[in-house]
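Data from input.txt: compact mmCIF, C-alpha atoms and all ligand atoms
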# COMPACT_ATOMS: atom_id res chain seq x y z
CA MET A 27 154.78 135.79 141.73
CA ASN A 28 158.32 135.84 140.40
CA PRO A 29 160.57 133.25 142.04
CA SER A 30 163.24 134.81 144.23
CA THR A 31 167.00 134.90 143.78
CA SER A 32 167.35 135.35 147.56
CA LEU A 33 169.11 132.64 149.56
CA GLU A 34 167.64 133.85 152.86
CA GLY A 35 167.64 130.97 155.34
CA ARG A 36 169.38 128.56 152.93
CA ARG A 37 172.17 126.40 154.30
CA VAL A 38 174.69 125.48 151.62
CA LEU A 39 177.86 123.38 151.76
CA VAL A 40 180.55 124.38 149.23
CA THR A 41 183.52 122.07 148.70
CA GLY A 42 186.94 123.49 147.94
CA ALA A 43 185.82 126.89 149.20
CA ALA A 44 188.93 127.87 151.16
CA GLN A 45 190.09 129.81 148.10
CA GLY A 46 189.44 130.52 144.42
CA LEU A 47 186.03 130.15 142.83
CA GLY A 48 184.61 128.24 145.84
CA ARG A 49 185.41 131.14 148.14
CA THR A 50 183.70 133.63 145.82
CA ILE A 51 180.63 131.37 145.68
CA ALA A 52 180.62 131.19 149.51
CA GLU A 53 180.81 134.99 149.76
CA ARG A 54 177.87 135.42 147.37
CA ILE A 55 175.74 132.89 149.26
CA VAL A 56 176.21 134.97 152.40
CA ASP A 57 175.57 138.24 150.49
CA LEU A 58 172.22 136.77 149.44
CA GLY A 59 171.20 135.90 153.00
CA GLY A 60 172.33 132.27 153.24
CA THR A 61 174.66 130.46 155.59
CA VAL A 62 177.60 128.55 154.18
CA VAL A 63 179.72 125.60 155.22
CA ILE A 64 183.18 125.91 153.71
CA ALA A 65 184.58 122.42 153.28
CA ASP A 66 188.19 121.93 152.24
CA VAL A 67 191.44 120.14 153.02
CA GLN A 68 193.34 123.41 153.57
CA ASP A 69 192.40 124.01 157.20
CA ASP A 70 194.44 127.19 157.77
CA GLN A 71 193.25 128.81 154.57
CA GLY A 72 189.70 127.68 155.36
CA ALA A 73 189.82 129.28 158.82
CA HIS A 74 191.16 132.49 157.28
CA THR A 75 188.32 132.56 154.73
CA VAL A 76 185.66 131.92 157.38
CA ALA A 77 187.07 134.73 159.52
CA ALA A 78 186.92 137.08 156.52
CA ILE A 79 183.33 136.17 155.64
CA GLY A 80 181.93 136.35 159.18
CA ALA A 81 179.39 134.56 161.35
CA ALA A 82 177.33 133.16 158.47
CA ALA A 83 180.25 130.93 157.48
CA THR A 84 181.71 127.89 159.22
CA TYR A 85 184.57 125.61 158.28
CA GLU A 86 184.68 121.82 158.06
CA HIS A 87 187.67 119.68 157.18
CA LEU A 88 186.52 117.50 154.29
CA ASP A 89 188.48 115.43 151.80
CA VAL A 90 185.78 114.99 149.17
CA SER A 91 187.18 111.60 148.16
CA SER A 92 186.63 110.22 151.68
CA GLU A 93 183.31 108.53 152.40
CA HIS A 94 184.16 108.72 156.10
CA ASP A 95 184.72 112.51 155.96
CA TRP A 96 181.38 113.04 154.20
CA ALA A 97 179.52 111.04 156.87
CA GLU A 98 181.20 112.95 159.70
CA VAL A 99 180.63 116.37 158.15
CA CYS A 100 176.95 115.60 157.46
CA ASP A 101 176.48 114.55 161.09
CA ARG A 102 178.16 117.70 162.40
CA VAL A 103 176.24 120.00 160.04
CA THR A 104 172.96 118.36 161.03
CA ASP A 105 173.82 119.07 164.68
CA SER A 106 174.97 122.65 164.10
CA LEU A 107 172.63 123.89 161.34
CA GLY A 108 169.78 121.37 161.51
CA GLY A 109 170.38 120.23 157.93
CA LEU A 110 171.26 121.49 154.46
CA ASP A 111 169.39 123.06 151.53
CA GLY A 112 172.18 123.07 148.98
CA LEU A 113 175.47 121.50 147.93
CA VAL A 114 178.08 122.92 145.57
CA ASN A 115 180.59 120.33 144.38
CA ASN A 116 183.39 122.73 143.49
CA ALA A 117 186.62 121.10 144.74
CA ALA A 118 188.79 119.71 141.96
CA LEU A 119 192.35 119.16 140.84
CA LEU A 120 193.98 119.82 137.49
CA ASP A 121 196.85 117.72 136.17
CA MET A 122 198.46 118.42 132.84
CA GLY A 123 200.65 116.38 130.55
CA PRO A 124 200.64 114.26 127.40
CA LEU A 125 198.21 111.36 127.38
CA GLU A 126 200.91 108.76 126.81
CA ARG A 127 202.80 109.87 129.89
CA ILE A 128 199.86 109.93 132.30
CA ASP A 129 200.76 108.35 135.63
CA PRO A 130 197.87 106.00 136.52
CA ASP A 131 198.19 106.85 140.23
CA ARG A 132 197.82 110.56 139.54
CA ALA A 133 194.91 109.81 137.20
CA ARG A 134 193.21 107.78 139.95
CA TRP A 135 193.74 110.67 142.37
CA LEU A 136 192.06 113.09 139.95
CA LEU A 137 189.18 110.67 139.36
CA ASP A 138 188.78 110.27 143.13
CA VAL A 139 188.64 114.00 143.85
CA ASN A 140 186.90 115.35 140.72
CA LEU A 141 184.36 112.59 140.06
CA LEU A 142 184.05 110.14 142.95
CA GLY A 143 184.10 113.13 145.35
CA PRO A 144 180.93 114.75 143.94
CA LEU A 145 179.27 111.33 143.77
CA LEU A 146 180.02 110.66 147.44
CA GLY A 147 178.89 114.19 148.26
CA ILE A 148 175.53 113.86 146.53
CA ARG A 149 175.02 110.46 148.12
CA ALA A 150 175.79 111.78 151.62
CA VAL A 151 173.85 115.04 151.34
CA ALA A 152 170.75 113.73 149.48
CA PRO A 153 168.95 112.65 152.70
CA LEU A 154 169.52 116.09 154.24
CA LEU A 155 168.15 117.84 151.14
CA ARG A 156 165.17 115.50 151.12
CA ALA A 157 164.53 116.22 154.81
CA SER A 158 164.43 119.96 154.06
CA GLY A 159 161.80 119.45 151.37
CA GLY A 160 164.14 119.28 148.38
CA GLY A 161 167.28 121.28 147.68
CA SER A 162 169.68 122.27 144.94
CA VAL A 163 172.97 120.64 143.95
CA VAL A 164 175.38 122.49 141.67
CA ASN A 165 178.31 120.57 140.21
CA VAL A 166 181.18 122.69 138.93
CA SER A 167 182.49 121.15 135.73
CA SER A 168 184.42 123.13 133.12
CA ILE A 169 184.53 123.90 129.44
CA GLY A 170 186.87 120.90 129.73
CA GLY A 171 183.66 118.96 130.35
CA LEU A 172 182.13 120.20 127.08
CA GLU A 173 185.10 119.67 124.80
CA GLY A 174 188.61 118.20 124.89
CA MET A 175 192.03 119.81 125.12
CA ASN A 176 195.52 118.49 124.62
CA SER A 177 197.37 117.79 127.90
CA THR A 178 194.23 117.46 130.03
CA ALA A 179 192.86 113.99 129.19
CA THR A 180 192.21 112.90 132.77
CA TYR A 181 190.73 116.25 133.74
CA ASN A 182 188.49 116.15 130.64
CA ALA A 183 187.33 112.64 131.55
CA THR A 184 186.42 113.70 135.10
CA LYS A 185 184.62 116.85 134.00
CA TRP A 186 182.63 115.06 131.27
CA GLY A 187 181.81 112.34 133.78
CA LEU A 188 180.51 114.92 136.23
CA ARG A 189 177.91 116.03 133.68
CA GLY A 190 176.67 112.45 133.37
CA LEU A 191 176.56 112.09 137.13
CA SER A 192 174.53 115.32 137.36
CA ARG A 193 171.91 114.10 134.93
CA ALA A 194 171.46 110.73 136.59
CA ALA A 195 171.27 112.41 140.01
CA ALA A 196 168.76 114.97 138.68
CA LEU A 197 166.46 112.16 137.60
CA GLU A 198 166.71 110.22 140.86
CA LEU A 199 166.66 113.12 143.34
CA GLY A 200 164.04 115.00 141.34
CA LEU A 201 161.43 112.64 142.74
CA ASP A 202 162.00 114.32 146.12
CA GLY A 203 162.14 117.86 144.75
CA THR A 204 165.92 118.23 144.58
CA ARG A 205 167.40 119.85 141.49
CA VAL A 206 170.89 118.97 140.18
CA ASN A 207 172.66 121.12 137.59
CA THR A 208 176.14 121.59 136.17
CA VAL A 209 178.06 124.82 135.63
CA CYS A 210 180.87 124.82 133.07
CA PRO A 211 183.21 127.78 133.63
CA GLY A 212 185.55 129.09 130.98
CA MET A 213 189.20 128.31 131.44
CA GLY A 214 192.50 130.03 130.90
CA ASN A 215 191.29 133.30 132.26
CA PRO A 216 193.80 135.87 133.51
CA ASP A 217 191.14 137.15 135.93
CA MET A 218 190.89 133.70 137.50
CA PRO A 219 194.53 133.33 138.56
CA THR A 220 194.04 130.73 141.26
CA PRO A 221 196.66 128.20 142.36
CA PHE A 222 194.56 125.70 140.43
CA LEU A 223 196.19 127.10 137.31
CA GLY A 224 199.60 127.40 138.91
CA ARG A 225 201.38 125.44 136.20
CA PHE A 226 199.38 126.92 133.37
CA ASP A 227 200.84 129.60 131.08
CA LEU A 228 197.64 131.61 130.65
CA ASP A 229 199.00 134.23 128.28
CA ARG A 230 200.43 131.60 125.95
CA TYR A 231 197.20 129.62 126.10
CA LEU A 232 195.11 132.63 125.15
CA THR A 233 197.52 133.51 122.33
CA THR A 234 197.64 130.03 120.83
CA ALA A 235 193.93 129.29 121.32
CA PRO A 236 192.46 132.71 120.48
CA ARG A 237 188.80 131.96 120.87
CA LEU A 238 187.20 134.86 122.71
CA PRO A 239 184.18 135.52 120.48
CA PHE A 240 182.28 137.85 122.82
CA HIS A 241 183.45 141.46 122.83
CA GLN A 242 182.66 144.21 125.29
CA ASP A 243 183.84 147.80 124.87
CA GLY A 244 185.76 146.64 121.81
CA GLN A 245 187.81 144.11 123.78
CA PRO A 246 187.59 140.31 123.87
CA ARG A 247 185.71 139.38 127.05
CA ASN A 248 186.47 136.30 129.13
CA VAL A 249 184.87 135.26 132.42
CA ASP A 250 186.01 135.82 135.97
CA VAL A 251 185.07 134.10 139.24
CA HIS A 252 182.22 136.56 139.82
CA ASP A 253 180.54 135.63 136.54
CA VAL A 254 180.69 131.97 137.48
CA ALA A 255 179.59 132.47 141.11
CA GLU A 256 176.53 134.43 139.90
CA MET A 257 175.36 131.43 137.88
CA VAL A 258 175.95 129.08 140.82
CA VAL A 259 173.93 131.16 143.30
CA TRP A 260 171.14 131.57 140.75
CA LEU A 261 170.93 127.79 140.38
CA LEU A 262 170.82 127.45 144.17
CA SER A 263 167.87 129.85 144.36
CA ASP A 264 164.18 129.40 143.62
CA ALA A 265 164.63 131.55 140.51
CA ALA A 266 166.07 128.41 138.89
CA ARG A 267 163.14 126.23 139.94
CA GLY A 268 162.55 125.28 136.30
CA CYS A 269 166.10 124.00 135.78
CA THR A 270 167.42 120.54 136.56
CA GLY A 271 169.65 118.04 134.82
CA ALA A 272 171.10 120.81 132.66
CA ASP A 273 174.54 122.21 131.80
CA PHE A 274 175.20 125.95 132.06
CA ALA A 275 178.31 127.21 130.30
CA VAL A 276 179.72 130.45 131.73
CA ASP A 277 182.47 130.86 129.18
CA ALA A 278 181.74 134.06 127.23
CA GLY A 279 181.02 131.99 124.14
CA TRP A 280 184.21 129.91 124.19
CA THR A 281 182.32 126.68 123.40
CA ALA A 282 179.78 128.31 121.06
CA GLY A 283 181.86 127.37 118.03
CA THR A 284 184.53 128.90 115.84
CA TYR A 285 184.35 132.46 114.58
CA ALA A 286 185.81 132.31 111.09
CA GLU A 287 187.05 135.44 109.31
CA GLY A 288 186.43 135.83 105.57
CA LEU A 289 183.00 134.28 105.34
CA PRO A 290 180.45 136.06 103.10
CA GLY A 291 179.14 139.15 104.79
CA PHE A 292 181.88 139.23 107.48
N1 LIG A 301 190.32 128.17 137.43
C1 LIG A 301 189.75 127.98 136.25
O1 LIG A 301 190.10 128.62 135.24
C2 LIG A 301 188.63 126.98 136.09
C3 LIG A 301 188.07 126.81 134.83
C4 LIG A 301 187.06 125.89 134.65
C5 LIG A 301 186.58 125.17 135.73
N2 LIG A 301 187.16 125.37 136.96
C6 LIG A 301 186.61 124.58 138.05
O2 LIG A 301 186.30 125.44 139.12
C7 LIG A 301 186.46 124.76 140.36
C8 LIG A 301 187.31 125.58 141.31
O3 LIG A 301 188.55 125.83 140.69
P1 LIG A 301 189.57 126.92 141.25
O4 LIG A 301 190.19 127.53 140.06
O5 LIG A 301 188.90 127.80 142.24
O6 LIG A 301 190.61 125.97 141.96
P2 LIG A 301 191.54 126.19 143.27
O7 LIG A 301 192.66 125.23 143.15
O8 LIG A 301 191.84 127.63 143.47
O9 LIG A 301 190.57 125.73 144.45
C9 LIG A 301 190.24 124.38 144.61
C10 LIG A 301 190.00 124.11 146.07
O10 LIG A 301 189.71 122.73 146.22
C11 LIG A 301 190.37 122.25 147.36
N3 LIG A 301 190.58 120.82 147.28
C12 LIG A 301 191.50 120.15 146.56
N4 LIG A 301 191.40 118.82 146.79
C13 LIG A 301 190.40 118.66 147.67
C14 LIG A 301 189.82 117.54 148.31
N5 LIG A 301 190.28 116.29 148.08
N6 LIG A 301 188.79 117.73 149.18
C15 LIG A 301 188.34 118.99 149.43
N7 LIG A 301 188.86 120.09 148.87
C16 LIG A 301 189.88 119.92 148.00
C17 LIG A 301 191.69 123.02 147.39
O11 LIG A 301 192.28 122.99 148.68
C18 LIG A 301 191.23 124.40 146.97
O12 LIG A 301 190.84 125.19 148.07
C19 LIG A 301 187.04 123.39 140.00
O13 LIG A 301 186.01 122.43 139.96
C20 LIG A 301 187.61 123.60 138.61
O14 LIG A 301 187.67 122.39 137.87
C21 LIG A 301 188.15 126.26 137.17
Could you take the file, read its structure, and then write that structure out as structure tokens?
Ligand SMILES: NC(=O)c1ccc[n+]([C@@H]2O[C@H](COP(=O)([O-])OP(=O)(O)OC[C@H]3O[C@@H](n4cnc5c(N)ncnc54)[C@H](O)[C@@H]3O)[C@@H](O)[C@H]2O)c1
Amino acid sequence: MNPSTSLEGRRVLVTGAAQGLGRTIAERIVDLGGTVVIADVQDDQGAHTVAAIGAAATYEHLDVSSEHDWAEVCDRVTDSLGGLDGLVNNAALLDMGPLERIDPDRARWLLDVNLLGPLLGIRAVAPLLRASGGGSVVNVSSIGGLEGMNSTATYNATKWGLRGLSRAAALELGLDGTRVNTVCPGMGNPDMPTPFLGRFDLDRYLTTAPRLPFHQDGQPRNVDVHDVAEMVVWLLSDAARGCTGADFAVDAGWTAGTYAEGLPGF
């Protein structure tokens, strides 16, 4: 029988889901029959998102870099939902600036949220996933975790690190039937205009780094939050039962390589 893409009965915690990509992932989990715990530091925005999604969503205050918060949230979720079947480590921060002017305190903050946060999350949630017979963890990295970019050294380091964390976790948690995968969304997308990219001149980025190799209807095609969320929910589902410890780029070919004009035959 074909494995199902349904998330019926699945309980999934999504970090950083008050807005942006995390919110779209939360909405899709509910569309597919699951229940979702939206965990964020923006309590008002989180409450607003939960109200918009409906009864299958609840909100928890969670600073992903706090071990204490993770322990409290896991206790409360065990009481309210009886456990968890999935975790999406989506919350992250972006800081931009030249490498030689990086403020070590800001770099530590990014490392805490983007890398230590997912590590603490996996550590806290692993026993709940084990108790439910094995679950699925999806870590949201970036194309910045597959290559480098000027002005984003710390972000690149955290997003590359997250891929290493995913692989090690996949090997350890796999013994109990839990899968761990990484999704690497494309960046600099005008359809993904979240506050995350607030200080990012998207149009200029796309003009100076014109690497949109995949065309649709004659136009260069980039990704939007829906493209990325679809990959995340697939990895949460049984349809992805054959996948663990792997990276999944959702970048419309951005990291496939360079399309060079003027080569023989083109
Ligand atoms: N936007 C893009 O173009 C893009 C591209 C590639 C990868 N990504 C990745 O996608 C994910 C989501 O990005 P987004 O664009 O939706 O960002 P966003 O800024 O819109 O949302 C991030 C969310 O994380 C929350 N958050 C921040 N610090 C937190 C903390 N310490 N604890 C808990 N929550 C915290 C914020 O409150 C916010 O709700 C990130 O992992 C990001 O690196 C985004």
Checklist line | Counting only C-alpha atoms, the option among A:Gly60, A:Asn248, A:Thr180, A:Asn28 closest to A:Asp131 | finding: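 Of all the options, A:Thr180 lies closest to A:Asp131.
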Next item on the list: Just give me the gap between atom CA of A:Leu58 and atom CA of A:Arg37 in Å, one decimal is fine.
Entry: 11.5 Å
Next item on the list: Tell me which of A:Met213, A:Ala65, A:Val139, A:Ala52 sits closest to A:Leu188, counting only C-alpha atoms.
Entry: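 The closest residue to A:Leu188 is A:Val139.
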Check: Which one is closest to A:Asp253: A:Thr184, A:Thr204, A:Ser158, A:Thr50? Count all atoms listed in the file.
Finding: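 Of A:Thr184, A:Thr204, A:Ser158, A:Thr50, the one nearest A:Asp253 is A:Thr50, counting all atoms listed in the file.
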Notebook entry, point to check: Out of A:Ile79, A:Val38, A:Val151, A:Leu172, which residue has the shortest atom-to-atom distance to A:Asp57 when counting all atoms listed in the file?
Noted result: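 That would be A:Ile79, the residue with the smallest distance to A:Asp57.
With all atoms listed in the file as the basis for measurement, A:Gly123 is the residue among A:Gly123, A:Gly190, A:Arg230, A:Asp129 that approaches A:Thr178 most closely.
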Mind dumping stretch 59-83 of chain A from that block, keeping N, CA, C and O atoms, as a PDB file, in the first residue's frame?
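Output file decode_11.pdb follows:
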ATOM      1  N   GLY A  59      -4.998  17.289   8.566  1.00  0.00           N
ATOM      2  CA  GLY A  59      -5.633  16.494   9.625  1.00  0.00           C
ATOM      3  C   GLY A  59      -4.883  16.458  10.941  1.00  0.00           C
ATOM      4  O   GLY A  59      -5.318  15.796  11.882  1.00  0.00           O
ATOM      5  N   GLY A  60      -3.756  17.159  11.039  1.00  0.00           N
ATOM      6  CA  GLY A  60      -2.971  17.125  12.270  1.00  0.00           C
ATOM      7  C   GLY A  60      -3.368  18.211  13.248  1.00  0.00           C
ATOM      8  O   GLY A  60      -4.193  19.081  12.961  1.00  0.00           O
ATOM      9  N   THR A  61      -2.780  18.143  14.434  1.00  0.00           N
ATOM     10  CA  THR A  61      -2.898  19.238  15.394  1.00  0.00           C
ATOM     11  C   THR A  61      -1.515  19.857  15.531  1.00  0.00           C
ATOM     12  O   THR A  61      -0.501  19.168  15.404  1.00  0.00           O
ATOM     13  N   VAL A  62      -1.504  21.165  15.811  1.00  0.00           N
ATOM     14  CA  VAL A  62      -0.215  21.868  15.805  1.00  0.00           C
ATOM     15  C   VAL A  62      -0.052  22.722  17.055  1.00  0.00           C
ATOM     16  O   VAL A  62      -1.001  23.345  17.522  1.00  0.00           O
ATOM     17  N   VAL A  63       1.159  22.694  17.582  1.00  0.00           N
ATOM     18  CA  VAL A  63       1.533  23.586  18.677  1.00  0.00           C
ATOM     19  C   VAL A  63       2.423  24.664  18.074  1.00  0.00           C
ATOM     20  O   VAL A  63       3.505  24.366  17.552  1.00  0.00           O
ATOM     21  N   ILE A  64       1.923  25.892  18.124  1.00  0.00           N
ATOM     22  CA  ILE A  64       2.685  27.026  17.600  1.00  0.00           C
ATOM     23  C   ILE A  64       3.526  27.588  18.742  1.00  0.00           C
ATOM     24  O   ILE A  64       2.982  28.023  19.759  1.00  0.00           O
ATOM     25  N   ALA A  65       4.833  27.515  18.595  1.00  0.00           N
ATOM     26  CA  ALA A  65       5.725  27.934  19.674  1.00  0.00           C
ATOM     27  C   ALA A  65       6.568  29.108  19.188  1.00  0.00           C
ATOM     28  O   ALA A  65       7.238  29.013  18.160  1.00  0.00           O
ATOM     29  N   ASP A  66       6.501  30.206  19.956  1.00  0.00           N
ATOM     30  CA  ASP A  66       7.187  31.424  19.479  1.00  0.00           C
ATOM     31  C   ASP A  66       7.443  32.335  20.674  1.00  0.00           C
ATOM     32  O   ASP A  66       6.962  32.060  21.788  1.00  0.00           O
ATOM     33  N   VAL A  67       8.180  33.400  20.446  1.00  0.00           N
ATOM     34  CA  VAL A  67       8.376  34.413  21.486  1.00  0.00           C
ATOM     35  C   VAL A  67       7.434  35.602  21.294  1.00  0.00           C
ATOM     36  O   VAL A  67       7.334  36.451  22.171  1.00  0.00           O
ATOM     37  N   GLN A  68       6.764  35.662  20.157  1.00  0.00           N
ATOM     38  CA  GLN A  68       5.805  36.752  19.898  1.00  0.00           C
ATOM     39  C   GLN A  68       4.418  36.286  20.330  1.00  0.00           C
ATOM     40  O   GLN A  68       3.658  35.730  19.520  1.00  0.00           O
ATOM     41  N   ASP A  69       4.085  36.534  21.597  1.00  0.00           N
ATOM     42  CA  ASP A  69       2.854  35.967  22.155  1.00  0.00           C
ATOM     43  C   ASP A  69       1.591  36.536  21.493  1.00  0.00           C
ATOM     44  O   ASP A  69       0.651  35.784  21.204  1.00  0.00           O
ATOM     45  N   ASP A  70       1.558  37.843  21.257  1.00  0.00           N
ATOM     46  CA  ASP A  70       0.349  38.426  20.660  1.00  0.00           C
ATOM     47  C   ASP A  70       0.137  37.905  19.242  1.00  0.00           C
ATOM     48  O   ASP A  70      -0.975  37.504  18.866  1.00  0.00           O
ATOM     49  N   GLN A  71       1.205  37.898  18.478  1.00  0.00           N
ATOM     50  CA  GLN A  71       1.117  37.407  17.095  1.00  0.00           C
ATOM     51  C   GLN A  71       0.762  35.916  17.097  1.00  0.00           C
ATOM     52  O   GLN A  71      -0.018  35.446  16.269  1.00  0.00           O
ATOM     53  N   GLY A  72       1.321  35.181  18.056  1.00  0.00           N
ATOM     54  CA  GLY A  72       1.026  33.752  18.170  1.00  0.00           C
ATOM     55  C   GLY A  72      -0.443  33.509  18.463  1.00  0.00           C
ATOM     56  O   GLY A  72      -1.079  32.636  17.848  1.00  0.00           O
ATOM     57  N   ALA A  73      -0.996  34.305  19.384  1.00  0.00           N
ATOM     58  CA  ALA A  73      -2.421  34.159  19.732  1.00  0.00           C
ATOM     59  C   ALA A  73      -3.285  34.479  18.511  1.00  0.00           C
ATOM     60  O   ALA A  73      -4.291  33.795  18.237  1.00  0.00           O
ATOM     61  N   HIS A  74      -2.908  35.487  17.779  1.00  0.00           N
ATOM     62  CA  HIS A  74      -3.642  35.893  16.576  1.00  0.00           C
ATOM     63  C   HIS A  74      -3.640  34.744  15.548  1.00  0.00           C
ATOM     64  O   HIS A  74      -4.669  34.408  14.956  1.00  0.00           O
ATOM     65  N   THR A  75      -2.468  34.126  15.371  1.00  0.00           N
ATOM     66  CA  THR A  75      -2.335  33.032  14.395  1.00  0.00           C
ATOM     67  C   THR A  75      -3.169  31.827  14.823  1.00  0.00           C
ATOM     68  O   THR A  75      -3.861  31.214  13.998  1.00  0.00           O
ATOM     69  N   VAL A  76      -3.123  31.502  16.106  1.00  0.00           N
ATOM     70  CA  VAL A  76      -3.909  30.369  16.611  1.00  0.00           C
ATOM     71  C   VAL A  76      -5.405  30.628  16.393  1.00  0.00           C
ATOM     72  O   VAL A  76      -6.142  29.735  15.947  1.00  0.00           O
ATOM     73  N   ALA A  77      -5.833  31.853  16.663  1.00  0.00           N
ATOM     74  CA  ALA A  77      -7.254  32.186  16.480  1.00  0.00           C
ATOM     75  C   ALA A  77      -7.643  32.034  15.009  1.00  0.00           C
ATOM     76  O   ALA A  77      -8.738  31.555  14.692  1.00  0.00           O
ATOM     77  N   ALA A  78      -6.739  32.396  14.111  1.00  0.00           N
ATOM     78  CA  ALA A  78      -7.040  32.292  12.677  1.00  0.00           C
ATOM     79  C   ALA A  78      -7.076  30.839  12.219  1.00  0.00           C
ATOM     80  O   ALA A  78      -7.868  30.472  11.352  1.00  0.00           O
ATOM     81  N   ILE A  79      -6.244  29.993  12.791  1.00  0.00           N
ATOM     82  CA  ILE A  79      -6.187  28.594  12.340  1.00  0.00           C
ATOM     83  C   ILE A  79      -7.335  27.775  12.926  1.00  0.00           C
ATOM     84  O   ILE A  79      -7.899  26.906  12.262  1.00  0.00           O
ATOM     85  N   GLY A  80      -7.685  28.023  14.186  1.00  0.00           N
ATOM     86  CA  GLY A  80      -8.825  27.305  14.779  1.00  0.00           C
ATOM     87  C   GLY A  80      -8.402  26.309  15.838  1.00  0.00           C
ATOM     88  O   GLY A  80      -7.256  26.289  16.307  1.00  0.00           O
ATOM     89  N   ALA A  81      -9.350  25.437  16.203  1.00  0.00           N
ATOM     90  CA  ALA A  81      -9.211  24.585  17.392  1.00  0.00           C
ATOM     91  C   ALA A  81      -8.057  23.591  17.313  1.00  0.00           C
ATOM     92  O   ALA A  81      -7.585  23.104  18.348  1.00  0.00           O
ATOM     93  N   ALA A  82      -7.594  23.279  16.111  1.00  0.00           N
ATOM     94  CA  ALA A  82      -6.508  22.299  15.990  1.00  0.00           C
ATOM     95  C   ALA A  82      -5.140  22.913  16.288  1.00  0.00           C
ATOM     96  O   ALA A  82      -4.126  22.220  16.228  1.00  0.00           O
ATOM     97  N   ALA A  83      -5.131  24.217  16.612  1.00  0.00           N
ATOM     98  CA  ALA A  83      -3.859  24.879  16.922  1.00  0.00           C
ATOM     99  C   ALA A  83      -3.876  25.429  18.343  1.00  0.00           C
ATOM    100  O   ALA A  83      -4.898  25.921  18.811  1.00  0.00           O
TER     101      ALA A  83
END
